[in-house]
Amino acid sequence: MLQTMIVEPIEKVFDKYLLGTGTSSIRPPEEVAGLIKDGALILDVRIGLEAKKGIVPGAKNINMLVLGRHLDELPRDRTIVTYCKTGGRAGKARDILKKHGFKAVNGGAYESVLKIVDEGRSTSASPAT
């Protein structure tokens, strides 16, 4: 019920007015996987209520609307892979980060980045044959 009453209307506002490059800047999964494997920081830009439902292991959550006030918490020496529910807000976050001199890419949707990370963990945990 909370999802329908609060989160969904907020998502619609984000999607309509705040997306920047939005989903058009989502990078291919293979590229995102390589960046994560090479040590990229994974940044969840969803609101707290969304992140409480689940967050990619190792990700940092900073709501896209307050990202500009938290830039000092992010590394400038690593690529940052952003994600949100669909990739739209992650695109806007990518734009904000790039504007401030960060190397950032849009990883897309939460489910996609979670799958990439889970596959990477299962591959690295599998014994070599």
# chains A, B, ... in the order shown; residues from 1 in each chain; ligands from 1
$ select_by_dssp --residues "range 53-106 of chain A" --states "strand (DSSP E)" --output "list of chain:residue names"
A:Lys60, A:Asn61, A:Ile80, A:Val81, A:Thr82, A:Tyr83, A:Cys84, A:Ala104, A:Val105, A:Asn106
$ closest_atom_pairs --of "range 62-95 of chain A" --to "range 44-54 of chain A" --cutoff "6 Å" --atoms "only C-alpha atoms" --output "Markdown table"
| residue | atom | partner | partner_atom | distance |
| --- | --- | --- | --- | --- |
| A:Ile62 | CA | A:Val45 | CA | 5.2 |
| A:Asn63 | CA | A:Val45 | CA | 4.6 |
| A:Met64 | CA | A:Val45 | CA | 4.8 |
| A:Thr82 | CA | A:Asp44 | CA | 6.0 |
| A:Tyr83 | CA | A:Asp44 | CA | 5.2 |
| A:Cys84 | CA | A:Arg46 | CA | 5.2 |
$ residues_around --residues "Gly58 in chain A" --least-positions-apart "4" --cutoff "10 Å" --atoms "only C-alpha atoms" --output "PyMOL selection string"
chain A and resi 41-43+117
$ write_last_selection --atoms "all heavy atoms" --output "PDB file, in the first residue's frame"
ATOM      1  N   LEU A  41      32.803   2.045  -8.094  1.00  0.00           N
ATOM      2  CA  LEU A  41      31.862   2.217  -6.995  1.00  0.00           C
ATOM      3  C   LEU A  41      30.451   2.104  -7.571  1.00  0.00           C
ATOM      4  O   LEU A  41      30.150   2.706  -8.602  1.00  0.00           O
ATOM      5  CB  LEU A  41      32.020   3.598  -6.355  1.00  0.00           C
ATOM      6  CG  LEU A  41      30.959   3.948  -5.311  1.00  0.00           C
ATOM      7  CD1 LEU A  41      31.223   3.199  -4.016  1.00  0.00           C
ATOM      8  CD2 LEU A  41      30.909   5.438  -5.065  1.00  0.00           C
ATOM      9  N   ILE A  42      29.606   1.350  -6.925  1.00  0.00           N
ATOM     10  CA  ILE A  42      28.217   1.207  -7.350  1.00  0.00           C
ATOM     11  C   ILE A  42      27.383   2.167  -6.510  1.00  0.00           C
ATOM     12  O   ILE A  42      27.417   2.119  -5.280  1.00  0.00           O
ATOM     13  CB  ILE A  42      27.718  -0.239  -7.177  1.00  0.00           C
ATOM     14  CG1 ILE A  42      28.647  -1.218  -7.911  1.00  0.00           C
ATOM     15  CG2 ILE A  42      26.284  -0.369  -7.679  1.00  0.00           C
ATOM     16  CD1 ILE A  42      28.381  -2.675  -7.581  1.00  0.00           C
ATOM     17  N   LEU A  43      26.650   3.055  -7.195  1.00  0.00           N
ATOM     18  CA  LEU A  43      25.882   4.088  -6.510  1.00  0.00           C
ATOM     19  C   LEU A  43      24.394   3.937  -6.800  1.00  0.00           C
ATOM     20  O   LEU A  43      23.945   4.072  -7.933  1.00  0.00           O
ATOM     21  CB  LEU A  43      26.364   5.476  -6.957  1.00  0.00           C
ATOM     22  CG  LEU A  43      25.686   6.667  -6.289  1.00  0.00           C
ATOM     23  CD1 LEU A  43      25.955   6.675  -4.777  1.00  0.00           C
ATOM     24  CD2 LEU A  43      26.183   7.970  -6.919  1.00  0.00           C
ATOM     25  N   VAL A 117      26.110  -8.160 -10.567  1.00  0.00           N
ATOM     26  CA  VAL A 117      26.916  -8.380  -9.369  1.00  0.00           C
ATOM     27  C   VAL A 117      26.786  -9.816  -8.891  1.00  0.00           C
ATOM     28  O   VAL A 117      27.786 -10.466  -8.556  1.00  0.00           O
ATOM     29  CB  VAL A 117      26.539  -7.377  -8.256  1.00  0.00           C
ATOM     30  CG1 VAL A 117      27.175  -7.750  -6.923  1.00  0.00           C
ATOM     31  CG2 VAL A 117      26.955  -5.966  -8.668  1.00  0.00           C
TER      32      VAL A 117
END
$ residues_around --residues "Asp38 in chain A" --least-positions-apart "5" --cutoff "12 Å" --atoms "only C-alpha atoms" --output "PDB file with C-alpha atoms, in the first residue's frame"
ATOM      1  CA  GLU A  31      30.584  -2.981 -19.975  1.00  0.00           C
ATOM      2  CA  VAL A  32      29.003  -2.480 -16.550  1.00  0.00           C
ATOM      3  CA  ALA A  33      30.253  -5.898 -15.416  1.00  0.00           C
ATOM      4  CA  ARG A  78      37.268   5.373  -9.448  1.00  0.00           C
ATOM      5  CA  THR A  79      34.514   5.006 -12.008  1.00  0.00           C
ATOM      6  CA  ILE A  80      31.033   5.316 -10.509  1.00  0.00           C
ATOM      7  CA  VAL A  81      28.249   3.064 -11.817  1.00  0.00           C
ATOM      8  CA  GLY A 120      30.177 -11.881 -10.900  1.00  0.00           C
TER       9      GLY A 120
END
$ closest_residue --among "A:Pro57, A:Ile26, A:Leu35, A:Leu65" --to "Gly91 in chain A" --atoms "only C-alpha atoms"
A:Ile26
$ atom_distance --atom1 "CA of Arg94 in chain A" --atom2 "CA of Arg121 in chain A"
24.9 Å
$ closest_residue --among "A:Gly68, A:Ser25, A:Gly87, A:Leu97" --to "Tyr110 in chain A" --atoms "only C-alpha atoms"
A:Gly87
$ select_by_dssp --residues "range 1-124 of chain A" --states "alpha helix (DSSP H)" --output "ChimeraX atom specification"
/A:2,8-17,29-37,48-51,88-99,110-124
$ closest_residue --among "A:Val56, A:Ala90, A:Glu73, A:Ser24" --to "Ile36 in chain A" --atoms "only C-alpha atoms"
A:Val56
$ closest_residue --among "A:Gly39, A:His70, A:Gly88, A:Thr123" --to "Asn106 in chain A" --atoms "only C-alpha atoms"
A:Gly88
$ atom_distance --atom1 "CA of Arg69 in chain A" --atom2 "CA of Val113 in chain A"
24.6 Å
$ atom_distance --atom1 "CA of Pro28 in chain A" --atom2 "CA of Val105 in chain A"
10.3 Å
